[in-house]
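Trainee: I am attaching a structure below and will ask some questions about it afterwards.
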Amino acid sequence: MTHRSGRHFLQIPGPTNVPDRVLRAMDMPTMDHRGPEFGVLGREILDGLREVFQTRQSVIIYPASGTGAWEAALANTMSPGDRVLMCETGQFATLWHRMATRLGLATEFIPTDWRRGADAAAIEARLREDRDHAIKAVCVVHNETSTGCTSRIALVRRAIDAAKHPALLLVDTISSLASIDYRHDEWGVDVTVAGSQKGLMLPPGLSFNAVSDKALAASQSARTPRSYWSWDEMLAANKSGYFPYTPATNLLYGLREALAMLREEGLQNVFARHDCHAEATRRAVRAWGLEILCAVPEEYSSSLTAVMVPAGHDADHVRKVILDKFDMSLGTGLGKVAGKVFRIGHLGDFNDLTLMGTLAGVEMGLELAGVPHRKAGVRAAMDYLAECAAQPTRKAA
Ligand SMILES: Cc1ncc(COP(=O)(O)O)c(C=O)c1O
């Protein structure tokens with residue numbers, strides 16, 4: 001392979017670019033995970049994570065990718081044969097649904113056209129019908145990474161309450177945590193699933209469950225066999241900052257640094273930055289004359305935008321041209337939208353000029369791939385970013 005100068009643009013919607021500060025923090029000798037220093041690190045991280053989940057309850061860290069934390073959420077709270085209500089918002093919801101079925105749960109899947117978030121009214125209607133409370137959990141992907149639609153979890157919470165239903169609420173925030181406002185306690189979420197490799201700006205390899213007291217109580221009687229994923233041993237060891245098995249020590253050094261960076265910027269500013277970059281991206285897409293996959297403006301994702309290519313064009317060809325010519329990776333279309341969309345990730349360690357480089361690469365790529373468009377997207381995004389930058393505290397206009 002020939003050498004390519006400059007930095008590769010990794011603009012997939014995760015894993016995201018790891019900031020130099022985090023890389024340097026991980027560049028450390030391996031530590032004794034049963035020694036005194038580790039307990040201090042463990043406690044510091046577990047406390048810091050609570051701020052990011054906006055919770056006072058427990059957060060658990062697994063040395064696993066996000067899929068592991070999905071399994072942990074289900075295995076700790078459910079028993080074989082339990083009924084779970086899931087929402088088909090896209091490919092990741094589909095994979096979580098498949099996992100629940102494999103774990104022996106009786107799944108129901110509320111469909112969508114993959115252009116919107118979870119349908120709170122449909123959830124409410126189904127829960128009202130369920131008079132015997134056979135449904136034990138409602139599972140929603142907060143930010144559907146395959147479509148760029150963000151479900152409104154506060155509305156889902158309201159729907160469950162309106163139906164006076166005791167089901168647990170399980171939410172996947174793998175591509176929203178630390179990018180899009182998310183409130184575990186305020187929204188009454190019972191298990192929040194998250195991963196290290198997106199808003200938290202770390203390499204892949206850590207995942208999380210934030211756990212409500214109600215979910216903990218449910219775990220006492222849940223009968224799905226589990227061992228590695230079991231919350232009880234983990235929580236017992238975490239009290240003193242330790243883990244029941246070998247933690248991913250160097251990733252935890254990185255996590256400590258990432259939490260410090262988020263605290264320095266301020267979570268609200270982090271969210272506003274993502275909102276602003278997402279809106280600038282959408283303005284570019286509209287100015288190109290292309291369509292955004294998400295059809296509901298209130299559900300536009302602030303961490304990624306899925307862009308539809310016109311009929312007769314292949315989104316993967318556009319991505320290939322952009323990778324070959326400009327050394328930039330964009331997200332591929334997954335599942336039902338394969339070949340029809342490409343996804344621009346604008347989350348994590350990202351600023352105005354990285355966005356402009358990204359959008360310039362896309363605009364040039366559209367030209368080279370022969371996709372009809374107006375050459376006005378970069379201009380539209382720049383104008384919007386300049387507006388955002390002119391505000392004393394940055395907010396999406
Ligand atoms: C929303 C969502 N859920 C689940 C996953 C699966 O996580 P992982 O690939 O880390 O196992 C992903 C991965 O991108 C995701 O975006």
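Starting from 1 in every chain, residues are counted up; chains themselves are A, B, ... following the order of the structure tokens, and ligands are numbered from 1 as listed.
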Residues of range 129-189 of chain A within 12 Å of range 69-74 of chain A: nearest atom pair and distance (Å, one decimal) for each, counting only C-alpha atoms, sorted by chain and number, as JSON lines?

Mentor:
{"residue": "A:Lys136", "atom": "CA", "partner": "A:Leu74", "partner_atom": "CA", "distance": 10.5}
{"residue": "A:Ala137", "atom": "CA", "partner": "A:Leu74", "partner_atom": "CA", "distance": 9.0}
{"residue": "A:Val138", "atom": "CA", "partner": "A:Leu74", "partner_atom": "CA", "distance": 10.8}
{"residue": "A:Cys139", "atom": "CA", "partner": "A:Leu74", "partner_atom": "CA", "distance": 9.5}
{"residue": "A:Val140", "atom": "CA", "partner": "A:Trp70", "partner_atom": "CA", "distance": 11.2}
{"residue": "A:Val141", "atom": "CA", "partner": "A:Trp70", "partner_atom": "CA", "distance": 10.5}
{"residue": "A:Leu168", "atom": "CA", "partner": "A:Leu74", "partner_atom": "CA", "distance": 10.5}
{"residue": "A:Leu169", "atom": "CA", "partner": "A:Ala73", "partner_atom": "CA", "distance": 10.4}
{"residue": "A:Leu170", "atom": "CA", "partner": "A:Ala73", "partner_atom": "CA", "distance": 7.4}
{"residue": "A:Val171", "atom": "CA", "partner": "A:Trp70", "partner_atom": "CA", "distance": 9.2}
{"residue": "A:Asp172", "atom": "CA", "partner": "A:Trp70", "partner_atom": "CA", "distance": 7.6}
{"residue": "A:Thr173", "atom": "CA", "partner": "A:Trp70", "partner_atom": "CA", "distance": 10.4}
{"residue": "A:Ile174", "atom": "CA", "partner": "A:Ala69", "partner_atom": "CA", "distance": 9.6}
{"residue": "A:Val189", "atom": "CA", "partner": "A:Ala73", "partner_atom": "CA", "distance": 11.9}

Trainee: Using only C-alpha atoms, please write the residues we just selected to a file, as a compact mmCIF listing (two decimals), in the first residue's frame.

Mentor:
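Output file part-v8.txt follows:
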# COMPACT_ATOMS: atom_id res chain seq x y z
CA LYS A 136 -41.53 -7.45 30.98
CA ALA A 137 -39.46 -4.89 29.09
CA VAL A 138 -39.64 -2.23 26.39
CA CYS A 139 -36.37 -1.98 24.43
CA VAL A 140 -35.50 1.07 22.35
CA VAL A 141 -32.35 2.14 20.50
CA LEU A 168 -38.70 -2.16 32.48
CA LEU A 169 -37.32 0.36 29.98
CA LEU A 170 -34.06 -0.73 28.33
CA VAL A 171 -32.32 1.80 26.08
CA ASP A 172 -29.30 1.48 23.78
CA THR A 173 -27.25 4.71 23.76
CA ILE A 174 -24.22 3.27 22.00
CA VAL A 189 -34.64 4.29 32.21

Trainee: How would you report the residues lying within 9 Å of ligand 1, as a VMD selection string, if you count only C-alpha atoms and all ligand atoms?

Mentor: chain A and resid 13 to 15 64 to 70 91 to 93 95 to 96 141 to 146 172 to 176 193 to 198 204 to 207

Trainee: Could you check which of A:Val337, A:Ala369, A:Ala25, A:Ala248 is closest to Lys325 in chain A, using only C-alpha atoms?

Mentor: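 Result for the nearest residue to Lys325 in chain A: A:Ala369.
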
Trainee: Would you give me, as a ChimeraX atom specification, the residues in range 88-226 of chain A that DSSP reads as strand (DSSP E or B)?

Mentor: /A:88,106-111,135-141,143-144,149-150,168-172,191-195,207-211

Trainee: Give me the residues within 7 Å of Cys294 in chain A as a list of chain:residue names, counting only C-alpha atoms and dropping any in the same chain fewer than 6 places off.

Mentor: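 In the requested format, the answer is A:Arg115, A:Arg116, A:Thr147, A:Gly148, A:Cys149, A:Tyr300.
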
Trainee: Go through A:Leu177, A:His277, A:Lys336, A:Ile160 one by one, measure the shortest atom-to-atom distance of each to Asp113 in chain A using only C-alpha atoms, and give the residue with the smallest value.

Mentor: A:Lys336

Trainee: Could you pull the residues within 7 Å of Ala306 in chain A, counting only C-alpha atoms, minus those fewer than 5 positions along the same chain, as a JSON list (two decimals) with N, CA and C atoms, in the first residue's frame?

Mentor:
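As a result, out_18.json now contains:
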[["chain", "number", "residue", "atom", "x", "y", "z"],
["A", 147, "THR", "N", -29.62, 4.63, 10.66],
["A", 147, "THR", "CA", -30.54, 5.53, 9.95],
["A", 147, "THR", "C", -30.35, 7.01, 10.28],
["A", 148, "GLY", "N", -29.71, 7.29, 11.43],
["A", 148, "GLY", "CA", -29.61, 8.69, 11.86],
["A", 148, "GLY", "C", -30.92, 9.24, 12.39],
["A", 292, "ILE", "N", -32.23, 13.55, 3.19],
["A", 292, "ILE", "CA", -31.79, 12.97, 4.47],
["A", 292, "ILE", "C", -32.71, 11.77, 4.76],
["A", 293, "LEU", "N", -32.11, 10.66, 5.18],
["A", 293, "LEU", "CA", -32.95, 9.47, 5.41],
["A", 293, "LEU", "C", -33.99, 9.72, 6.50],
["A", 341, "VAL", "N", -27.85, 4.49, 1.02],
["A", 341, "VAL", "CA", -27.40, 5.64, 1.81],
["A", 341, "VAL", "C", -25.92, 5.51, 2.13],
["A", 342, "PHE", "N", -25.30, 6.67, 2.35],
["A", 342, "PHE", "CA", -24.01, 6.67, 3.06],
["A", 342, "PHE", "C", -24.22, 7.51, 4.30],
["A", 343, "ARG", "N", -23.40, 7.23, 5.31],
["A", 343, "ARG", "CA", -23.60, 7.92, 6.59],
["A", 343, "ARG", "C", -22.38, 8.77, 6.94],
["A", 344, "ILE", "N", -22.65, 10.01, 7.29],
["A", 344, "ILE", "CA", -21.58, 10.92, 7.71],
["A", 344, "ILE", "C", -21.59, 10.94, 9.24]]

Trainee: Name the residues in contact with range 123-132 of chain A at a cut-off of 7 Å, using only C-alpha atoms, excluding same-chain residues fewer than 2 positions from it; report them as an mmCIF file with N, CA and C atoms, in the first residue's frame.

Mentor:
data_model
loop_
_atom_site.group_PDB
_atom_site.id
_atom_site.type_symbol
_atom_site.label_atom_id
_atom_site.label_comp_id
_atom_site.auth_asym_id
_atom_site.auth_seq_id
_atom_site.Cartn_x
_atom_site.Cartn_y
_atom_site.Cartn_z
ATOM 1 N N ASP A 119 -42.086 4.480 17.881
ATOM 2 C CA ASP A 119 -43.421 5.066 17.881
ATOM 3 C C ASP A 119 -44.014 4.949 19.300
ATOM 4 N N ALA A 120 -43.962 6.058 20.042
ATOM 5 C CA ALA A 120 -44.405 6.015 21.446
ATOM 6 C C ALA A 120 -45.893 5.679 21.534
ATOM 7 N N ALA A 121 -46.687 6.157 20.576
ATOM 8 C CA ALA A 121 -48.131 5.879 20.617
ATOM 9 C C ALA A 121 -48.392 4.382 20.426
ATOM 10 N N ALA A 134 -47.836 -9.187 30.797
ATOM 11 C CA ALA A 134 -46.929 -10.241 30.310
ATOM 12 C C ALA A 134 -45.644 -9.616 29.766
ATOM 13 N N ALA A 159 -45.255 7.191 27.597
ATOM 14 C CA ALA A 159 -46.184 6.177 27.062
ATOM 15 C C ALA A 159 -46.315 5.013 28.049
ATOM 16 N N ILE A 160 -45.198 4.586 28.620
ATOM 17 C CA ILE A 160 -45.250 3.458 29.571
ATOM 18 C C ILE A 160 -46.048 3.883 30.810
ATOM 19 N N ALA A 163 -49.793 4.130 30.212
ATOM 20 C CA ALA A 163 -50.440 2.812 30.177
ATOM 21 C C ALA A 163 -50.416 2.154 31.565
ATOM 22 N N HIS A 165 -48.047 0.735 33.090
ATOM 23 C CA HIS A 165 -47.465 -0.596 32.873
ATOM 24 C C HIS A 165 -46.130 -0.705 33.612
#

Trainee: Which of these residues is nearest to Pro63 in chain A, using only C-alpha atoms: A:Thr30, A:Thr94, A:Ser151, A:Thr249?

Mentor: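 Checking each candidate against Pro63 in chain A, we get A:Thr249 as the closest.
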
Trainee: Go ahead and compute the interatomic distance for CA of Arg7 in chain A and CA of His313 in chain A, in Å to one decimal.

Mentor: 28.6 Å

Trainee: If you count only C-alpha atoms, which residues fall within 12 Å of Met364 in chain A, apart from same-chain ones fewer than 6 positions away, as a ChimeraX atom specification?

Mentor: /A:288,318-319,321-323,325-326,328,357-358,370-378

Trainee: According to DSSP computed on the backbone, where in range 82-288 of chain A is there helix (DSSP H, G or I)? Give the residues as a PyMOL selection string.

Mentor: chain A and resi 91-102+120-129+153-162+213-221+231-238+249-265+267-288

Trainee: One number please: CA of Asp185 in chain A to CA of Gln54 in chain A, in Å, one decimal.

Mentor: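 For CA of Asp185 in chain A relative to CA of Gln54 in chain A, the distance reads 6.5 Å.
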
Trainee: Under the rule that only C-alpha atoms are counted, which of A:Ala381, A:Leu330, A:Arg256, A:Leu359 is the nearest residue to His8 in chain A?

Mentor: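 Smallest separation from His8 in chain A among the options: A:Leu330.
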